[in-house]
Structures are given as C-alpha cells and as structure tokens.
$ cat start-v3.cif   # mmCIF, C-alpha atoms
data_entry
#
loop_
_atom_site.label_atom_id
_atom_site.label_comp_id
_atom_site.auth_asym_id
_atom_site.auth_seq_id
_atom_site.Cartn_x
_atom_site.Cartn_y
_atom_site.Cartn_z
CA MET J 46 -124.68 -34.42 -49.90
CA THR J 47 -123.54 -32.85 -53.18
CA ALA J 48 -119.87 -33.51 -52.36
CA MET J 49 -120.66 -37.13 -51.46
CA ARG J 50 -122.55 -37.61 -54.72
CA LEU J 51 -119.67 -36.07 -56.66
CA ARG J 52 -117.19 -38.44 -55.04
CA LEU J 53 -119.47 -41.39 -55.79
CA HIS J 54 -119.71 -40.40 -59.47
CA ALA J 55 -115.94 -39.86 -59.55
CA ALA J 56 -115.37 -43.34 -58.10
CA TRP J 57 -117.52 -44.98 -60.78
CA LEU J 58 -115.79 -42.91 -63.48
CA VAL J 59 -112.31 -43.90 -62.31
CA LEU J 60 -113.24 -47.58 -62.18
CA ALA J 61 -114.80 -47.36 -65.66
CA LEU J 62 -111.69 -45.65 -67.08
CA LEU J 63 -109.35 -48.26 -65.62
CA CYS J 64 -111.51 -51.11 -66.94
CA ALA J 65 -111.82 -49.45 -70.36
CA TRP J 66 -108.03 -49.01 -70.62
CA GLN J 67 -107.30 -52.60 -69.66
CA ILE J 68 -109.96 -54.02 -71.98
CA THR J 69 -108.82 -51.81 -74.88
CA LEU J 70 -105.17 -52.81 -74.51
CA SER J 71 -106.07 -56.50 -74.21
CA LEU J 72 -108.20 -56.35 -77.35
CA ALA J 73 -105.49 -54.41 -79.18
CA PHE J 74 -102.99 -57.14 -78.33
CA PHE J 75 -105.19 -60.03 -79.41
CA LEU J 76 -106.34 -58.21 -82.58
CA GLN J 77 -102.74 -57.08 -83.29
CA LEU J 78 -103.68 -53.41 -83.45
CA PRO J 79 -100.97 -50.68 -83.52
CA LEU J 80 -101.58 -49.74 -79.87
CA ALA J 81 -100.02 -53.04 -78.80
CA GLY J 82 -97.40 -53.17 -81.57
CA LEU J 83 -93.94 -54.37 -80.55
CA PRO J 84 -90.80 -52.84 -82.06
CA ARG J 85 -87.49 -54.53 -82.91
CA ILE J 86 -84.94 -52.95 -80.57
CA ALA J 87 -81.15 -53.30 -80.67
CA LEU J 88 -80.71 -53.99 -76.97
CA GLY J 89 -76.91 -53.86 -77.00
CA ALA J 90 -76.76 -50.43 -78.61
CA LEU J 91 -79.56 -49.27 -76.32
CA ALA J 92 -77.65 -50.39 -73.22
CA ARG J 93 -74.60 -48.38 -74.30
CA SER J 94 -76.62 -45.21 -74.85
CA ALA J 95 -77.72 -42.62 -72.31
CA LEU J 96 -81.27 -44.00 -72.35
CA PRO J 97 -80.89 -46.29 -69.27
CA VAL J 98 -79.82 -43.30 -67.14
CA VAL J 99 -82.65 -41.19 -68.50
CA ALA J 100 -85.09 -44.06 -67.96
CA LEU J 101 -83.93 -44.45 -64.33
CA GLY J 102 -84.50 -40.75 -63.73
CA GLY J 103 -87.89 -41.04 -65.39
CA LEU J 104 -88.77 -44.01 -63.16
CA LEU J 105 -87.95 -42.07 -60.00
CA ALA J 106 -89.99 -39.12 -61.26
CA TRP J 107 -92.85 -41.50 -62.11
CA ILE J 108 -92.88 -42.91 -58.57
CA ALA J 109 -92.90 -39.41 -57.11
CA VAL J 110 -95.77 -38.29 -59.36
CA HIS J 111 -97.64 -41.53 -58.55
CA GLU J 112 -97.53 -40.62 -54.86
CA LEU J 113 -98.46 -37.02 -55.66
CA ALA J 114 -101.57 -38.41 -57.38
CA HIS J 115 -102.54 -40.13 -54.11
CA ALA J 116 -101.90 -36.88 -52.26
CA GLY J 117 -103.90 -34.82 -54.77
CA ALA J 118 -106.87 -37.18 -54.54
CA ALA J 119 -106.71 -37.05 -50.75
CA HIS J 120 -106.68 -33.26 -50.77
CA TRP J 121 -109.63 -33.16 -53.21
CA CYS J 122 -111.58 -35.46 -50.87
CA GLY J 123 -110.94 -33.21 -47.88
CA VAL J 124 -108.19 -35.20 -46.19
CA ARG J 125 -105.95 -32.93 -44.15
CA ASP J 126 -102.27 -33.09 -43.15
CA GLY J 127 -101.37 -35.76 -45.69
CA ARG J 128 -97.65 -36.05 -46.42
CA ILE J 129 -95.39 -37.93 -48.82
CA ARG J 130 -92.73 -39.60 -46.71
CA TRP J 131 -89.92 -42.00 -47.42
CA SER J 132 -90.84 -45.57 -46.57
CA SER J 133 -87.88 -47.95 -46.95
CA LEU J 134 -86.32 -46.80 -50.23
CA LEU J 135 -89.42 -45.32 -51.86
CA PRO J 136 -91.73 -42.39 -51.14
CA ALA J 137 -95.25 -43.16 -49.97
CA PHE J 138 -98.30 -41.06 -49.12
CA HIS J 139 -99.48 -41.08 -45.50
CA ALA J 140 -102.26 -39.19 -43.72
CA PRO J 141 -103.22 -39.22 -40.04
CA ALA J 142 -106.46 -40.91 -38.99
CA GLN J 143 -109.46 -38.62 -39.41
CA ALA J 144 -113.17 -38.73 -40.14
CA SER J 145 -112.79 -38.17 -43.88
CA LEU J 146 -110.64 -41.30 -44.18
CA GLU J 147 -113.45 -43.43 -42.77
CA ARG J 148 -115.49 -42.93 -45.97
CA SER J 149 -115.20 -45.70 -48.55
CA ASP J 150 -115.51 -43.28 -51.48
CA THR J 151 -112.57 -41.25 -50.20
CA ARG J 152 -110.40 -44.29 -49.61
CA PHE J 153 -111.20 -45.72 -53.05
CA LEU J 154 -110.34 -42.47 -54.82
CA ILE J 155 -107.06 -42.17 -52.93
CA HIS J 156 -106.01 -45.75 -53.67
CA SER J 157 -107.05 -45.60 -57.34
CA ALA J 158 -105.44 -42.21 -58.08
CA GLY J 159 -101.99 -43.78 -58.49
CA PRO J 160 -103.05 -46.47 -60.99
CA LEU J 161 -105.07 -43.85 -62.88
CA LEU J 162 -101.95 -41.69 -63.15
CA ASP J 163 -99.96 -44.72 -64.34
CA MET J 164 -102.58 -45.33 -67.00
CA LEU J 165 -102.38 -41.72 -68.22
CA CYS J 166 -98.57 -41.84 -68.39
CA SER J 167 -98.67 -45.06 -70.42
CA LEU J 168 -101.31 -43.55 -72.70
CA CYS J 169 -99.10 -40.50 -73.29
CA LEU J 170 -96.20 -42.78 -74.27
CA ALA J 171 -98.47 -44.69 -76.65
CA ILE J 172 -99.63 -41.45 -78.29
CA ALA J 173 -96.06 -40.16 -78.54
CA ALA J 174 -94.94 -43.43 -80.15
CA SER J 175 -97.73 -43.24 -82.72
CA LEU J 176 -96.81 -39.66 -83.67
CA ALA J 177 -93.00 -39.96 -83.65
CA PRO J 178 -90.76 -40.82 -86.64
CA PRO J 179 -89.84 -44.53 -86.97
CA ALA J 180 -86.50 -44.46 -85.08
CA PRO J 181 -87.67 -42.74 -81.86
CA ALA J 182 -91.04 -44.46 -82.18
CA ALA J 183 -89.42 -47.86 -81.60
CA THR J 184 -87.79 -46.62 -78.39
CA LEU J 185 -91.05 -45.02 -77.24
CA GLN J 186 -92.92 -48.26 -77.92
CA GLY J 187 -90.39 -50.12 -75.81
CA LEU J 188 -90.78 -47.58 -73.02
CA PHE J 189 -94.54 -47.97 -73.35
CA VAL J 190 -94.27 -51.69 -72.60
CA VAL J 191 -91.92 -50.95 -69.69
CA SER J 192 -94.42 -48.42 -68.34
CA LEU J 193 -97.13 -51.06 -68.42
CA LEU J 194 -94.90 -53.37 -66.39
CA ILE J 195 -94.18 -50.62 -63.86
CA GLY J 196 -97.85 -49.87 -63.36
CA LEU J 197 -98.95 -53.51 -63.40
CA PRO J 198 -98.53 -54.44 -59.70
CA ASN J 199 -100.67 -51.60 -58.38
CA CYS J 200 -103.49 -52.05 -60.89
CA CYS J 201 -103.87 -55.77 -60.19
CA MET J 202 -105.53 -57.49 -57.26
CA LEU J 203 -102.29 -58.33 -55.48
CA THR J 204 -102.33 -58.20 -51.71
CA ARG J 205 -101.76 -54.66 -50.44
CA ALA J 206 -101.63 -53.28 -53.99
CA ASP J 207 -103.40 -49.99 -54.64
CA MET J 208 -106.34 -51.46 -56.52
CA GLU J 209 -106.72 -54.46 -54.23
CA GLN J 210 -107.29 -52.05 -51.37
CA GLY J 211 -109.32 -49.72 -53.56
CA ILE J 212 -111.68 -52.41 -54.85
CA ARG J 213 -112.28 -53.57 -51.28
CA GLN J 214 -113.44 -50.04 -50.48
CA PHE J 215 -115.52 -49.85 -53.66
CA ARG J 216 -117.37 -53.00 -52.67
CA LEU J 217 -118.21 -51.39 -49.33
CA LEU J 218 -119.20 -48.19 -51.12
CA CYS J 219 -121.72 -49.62 -53.57
CA GLY J 220 -122.73 -52.75 -51.68
CA TRP J 221 -122.46 -54.89 -54.83
CA ARG J 222 -120.01 -57.68 -55.54
CA TRP J 223 -120.14 -57.63 -59.34
CA PRO J 224 -117.95 -54.51 -59.88
CA ALA J 225 -115.19 -56.10 -57.82
CA ALA J 226 -115.56 -59.42 -59.63
CA LEU J 227 -115.56 -57.66 -63.01
CA TYR J 228 -112.45 -55.65 -62.22
CA ALA J 229 -110.67 -58.75 -60.88
CA ALA J 230 -111.39 -60.64 -64.12
CA VAL J 231 -110.41 -57.73 -66.37
CA SER J 232 -107.20 -57.04 -64.46
CA LEU J 233 -106.23 -60.73 -64.56
CA VAL J 234 -106.51 -60.81 -68.36
CA TYR J 235 -104.70 -57.46 -68.56
CA ALA J 236 -101.84 -58.75 -66.41
CA GLY J 237 -101.43 -61.73 -68.72
CA VAL J 238 -101.41 -59.47 -71.78
CA VAL J 239 -98.80 -57.11 -70.33
CA LEU J 240 -96.52 -60.02 -69.39
CA LEU J 241 -96.94 -61.51 -72.87
CA MET J 242 -96.12 -58.14 -74.44
CA ALA J 243 -92.97 -57.86 -72.35
CA ALA J 244 -91.89 -61.41 -73.23
CA LYS J 245 -92.58 -60.90 -76.94
CA LEU J 246 -90.72 -57.58 -76.90
CA LEU J 247 -87.66 -59.23 -75.37
CA LEU J 248 -87.76 -62.19 -77.76
CA HIS J 249 -88.45 -59.98 -80.76
CA SER J 250 -85.49 -57.77 -79.88
CA ARG J 251 -82.95 -60.57 -79.34
CA PRO J 252 -81.71 -60.51 -82.96
CA GLY J 253 -81.02 -56.83 -82.46
CA ILE J 254 -78.44 -57.36 -79.71
CA VAL J 255 -75.10 -56.03 -80.93
#

$ encode --input "start-v3.cif" --output "structure tokens"
Amino acid sequence: MTAMRLRLHAAWLVLALLCAWQITLSLAFFLQLPLAGLPRIALGALARSALPVVALGGLLAWIAVHELAHAGAAHWCGVRDGRIRWSSLLPAFHAPAQASLERSDTRFLIHSAGPLLDMLCSLCLAIAASLAPPAPAATLQGLFVVSLLIGLPNCCMLTRADMEQGIRQFRLLCGWRWPAALYAAVSLVYAGVVLLMAAKLLLHSRPGIV
C-alpha cells in the first residue's frame, strides 16, 4: 500500500511539474521575460562551424537518455526485464507483459518519464544560457529553442505520443476528467508558444545569414 501511495504521489508531482514548466514558459513568452528571449544568430557562420555535428551527436544522446528515463521509471515501479531496443531507426523501451504493467500509475510514470527528462534538459540549457557570456549565450539560447522543438511531440496530446498515452492512464488512475482536460489545454498553448518561438528565432536570425 505504501508503494502504491508513493507512485500515486509521484504521478501527481510529475504532472504538476510538466504543467508548471509549460505554463511558465508560455507566460515568459507572452510577457517577454528572459527565459523566452530569442537571440540573433548568424546562421551561415553557424552552419559552417562544428556545431551541427556536435548538435547531431547531442540529439542522438538525448534520444538515448530519453529512453533510459522510461527504463529507469519502469525499474523504479517494479517492472522487470525491460530493454531498450532499436525500433526502425531509433531506440525504444520495451518490457514484456506482466502484472506491474497493468497498473495505471506505473504506466503513467513510464510514459511521462521521457517528457520529464526532456523538460529537465531544456531547463539546463536555459540556465546555461542565462549564466554564459553573450557570445555562447546566443548559441545556447538557440539550442534551447531547438530542444523545446525536439521535446514537443512527446509532451503534447498527439496520437501515440508519450503524454497522450500517459494522460489516458492518469485519467484511469484518478477517475477524474479535469486533470486530462487541464493538461490538454496547457499543452496546446505550450505547443503554439514553442512553434512561435521557433518561427521568431528563424526570422530574427535571417539578417545574420552570411
């Protein structure tokens, strides 16, 4: 009973953290706070640097760590024999059918672990950008926006996305519809904000193409 209660509290905490992050970033964008600031990037010079190769390596590492987050959550919830396997061109976490996977709290925590990890990575980039000198800060801010785009599909209510599956389990877990409706509304606004940030970053950086 204690373990079940702990998982229930953890599920509510994860959902609250994801909502808080998305609401905070949306407010920062509309209020033009530094968290959502957009740098002026010389795209041509950036394309000729080593950054695209480094960013590609970072993306592959990000995907691997994302799946490790799913695996770590599964292990914490008592799921056994879970493995990260290659599915098409990308790794994905799989676990054989078992009693522990029939619990809604377990399934929610597994599905939401990846988006939570994405959120933490984006937050680290935002903090690094705020602490760095002006030149690297602009690059880090650009990477921050890219990280938001990378994490966007799984945190939204797209079919088969992590949080779409997770929220379905959360609704079964608590028996209420309002948390799912709230998250759907928050994530919809968040998705619009992230896409606007990406568009503004691209447009803002056009004069910097050399």

$ resolve_selection --input "start-v3.cif" --expression "the PyMOL selection byres ((chain J and resi 228-233) around 12)" --output "JSON list (two decimals) with C-alpha atoms, in the frame of the given file"
[["chain", "number", "residue", "atom", "x", "y", "z"],
["J", 57, "TRP", "CA", -117.52, -44.98, -60.78],
["J", 59, "VAL", "CA", -112.31, -43.90, -62.31],
["J", 60, "LEU", "CA", -113.24, -47.58, -62.18],
["J", 61, "ALA", "CA", -114.80, -47.36, -65.66],
["J", 62, "LEU", "CA", -111.69, -45.65, -67.08],
["J", 63, "LEU", "CA", -109.35, -48.26, -65.62],
["J", 64, "CYS", "CA", -111.51, -51.11, -66.94],
["J", 65, "ALA", "CA", -111.82, -49.45, -70.36],
["J", 66, "TRP", "CA", -108.03, -49.01, -70.62],
["J", 67, "GLN", "CA", -107.30, -52.60, -69.66],
["J", 68, "ILE", "CA", -109.96, -54.02, -71.98],
["J", 69, "THR", "CA", -108.82, -51.81, -74.88],
["J", 70, "LEU", "CA", -105.17, -52.81, -74.51],
["J", 71, "SER", "CA", -106.07, -56.50, -74.21],
["J", 72, "LEU", "CA", -108.20, -56.35, -77.35],
["J", 160, "PRO", "CA", -103.05, -46.47, -60.99],
["J", 196, "GLY", "CA", -97.85, -49.87, -63.36],
["J", 197, "LEU", "CA", -98.95, -53.51, -63.40],
["J", 198, "PRO", "CA", -98.53, -54.44, -59.70],
["J", 199, "ASN", "CA", -100.67, -51.60, -58.38],
["J", 200, "CYS", "CA", -103.49, -52.05, -60.89],
["J", 201, "CYS", "CA", -103.87, -55.77, -60.19],
["J", 202, "MET", "CA", -105.53, -57.49, -57.26],
["J", 203, "LEU", "CA", -102.29, -58.33, -55.48],
["J", 208, "MET", "CA", -106.34, -51.46, -56.52],
["J", 209, "GLU", "CA", -106.72, -54.46, -54.23],
["J", 211, "GLY", "CA", -109.32, -49.72, -53.56],
["J", 212, "ILE", "CA", -111.68, -52.41, -54.85],
["J", 213, "ARG", "CA", -112.28, -53.57, -51.28],
["J", 215, "PHE", "CA", -115.52, -49.85, -53.66],
["J", 216, "ARG", "CA", -117.37, -53.00, -52.67],
["J", 222, "ARG", "CA", -120.01, -57.68, -55.54],
["J", 223, "TRP", "CA", -120.14, -57.63, -59.34],
["J", 224, "PRO", "CA", -117.95, -54.51, -59.88],
["J", 225, "ALA", "CA", -115.19, -56.10, -57.82],
["J", 226, "ALA", "CA", -115.56, -59.42, -59.63],
["J", 227, "LEU", "CA", -115.56, -57.66, -63.01],
["J", 234, "VAL", "CA", -106.51, -60.81, -68.36],
["J", 235, "TYR", "CA", -104.70, -57.46, -68.56],
["J", 236, "ALA", "CA", -101.84, -58.75, -66.41],
["J", 237, "GLY", "CA", -101.43, -61.73, -68.72],
["J", 238, "VAL", "CA", -101.41, -59.47, -71.78],
["J", 239, "VAL", "CA", -98.80, -57.11, -70.33],
["J", 240, "LEU", "CA", -96.52, -60.02, -69.39]]

$ atom_distance --input "start-v3.cif" --atom1 "CA of Ala119 in chain J" --atom2 "CA of Val190 in chain J"
29.1 Å

$ resolve_selection --input "start-v3.cif" --expression "the PyMOL selection byres ((chain J and resi 192) around 9)" --output "ChimeraX atom specification"
/J:104,163-164,166-167,170,187-191,193-197

$ closest_residue --input "start-v3.cif" --among "J:Trp131, J:Gln143, J:Trp107, J:Ala182" --to "Leu165 in chain J" --atoms "only C-alpha atoms"
J:Trp107

$ resolve_selection --input "start-v3.cif" --expression "the PyMOL selection byres ((chain J and resi 149-152) around 9)" --output "VMD selection string"
chain J and resid 49 52 to 53 55 to 56 118 to 119 122 to 124 145 to 148 153 to 157 210 to 211 213 to 218

$ residues_near_point --input "start-v3.cif" --point "(-88.4, -43.1, -53.4)" --cutoff "9 Å" --atoms "all atoms listed in the file" --output "number ranges by chain"
J: 105-106, 108-109, 130-137

$ axis_aligned_box --input "start-v3.cif" --around "range 46-65 of chain J" --padding-each-side "5 Å" --output "JSON"
{"center_x": -117.0, "center_y": -42.0, "center_z": -60.1, "size_x": 25.3, "size_y": 28.3, "size_z": 30.5}

$ atom_distance --input "start-v3.cif" --atom1 "CA of Ala177 in chain J" --atom2 "CA of His111 in chain J"
25.6 Å

$ atom_distance --input "start-v3.cif" --atom1 "CA of Ala144 in chain J" --atom2 "CA of His120 in chain J"
13.6 Å

$ closest_residue --input "start-v3.cif" --among "J:Ala114, J:Gln186, J:Cys169, J:Leu162" --to "Ala243 in chain J" --atoms "all atoms listed in the file"
J:Gln186
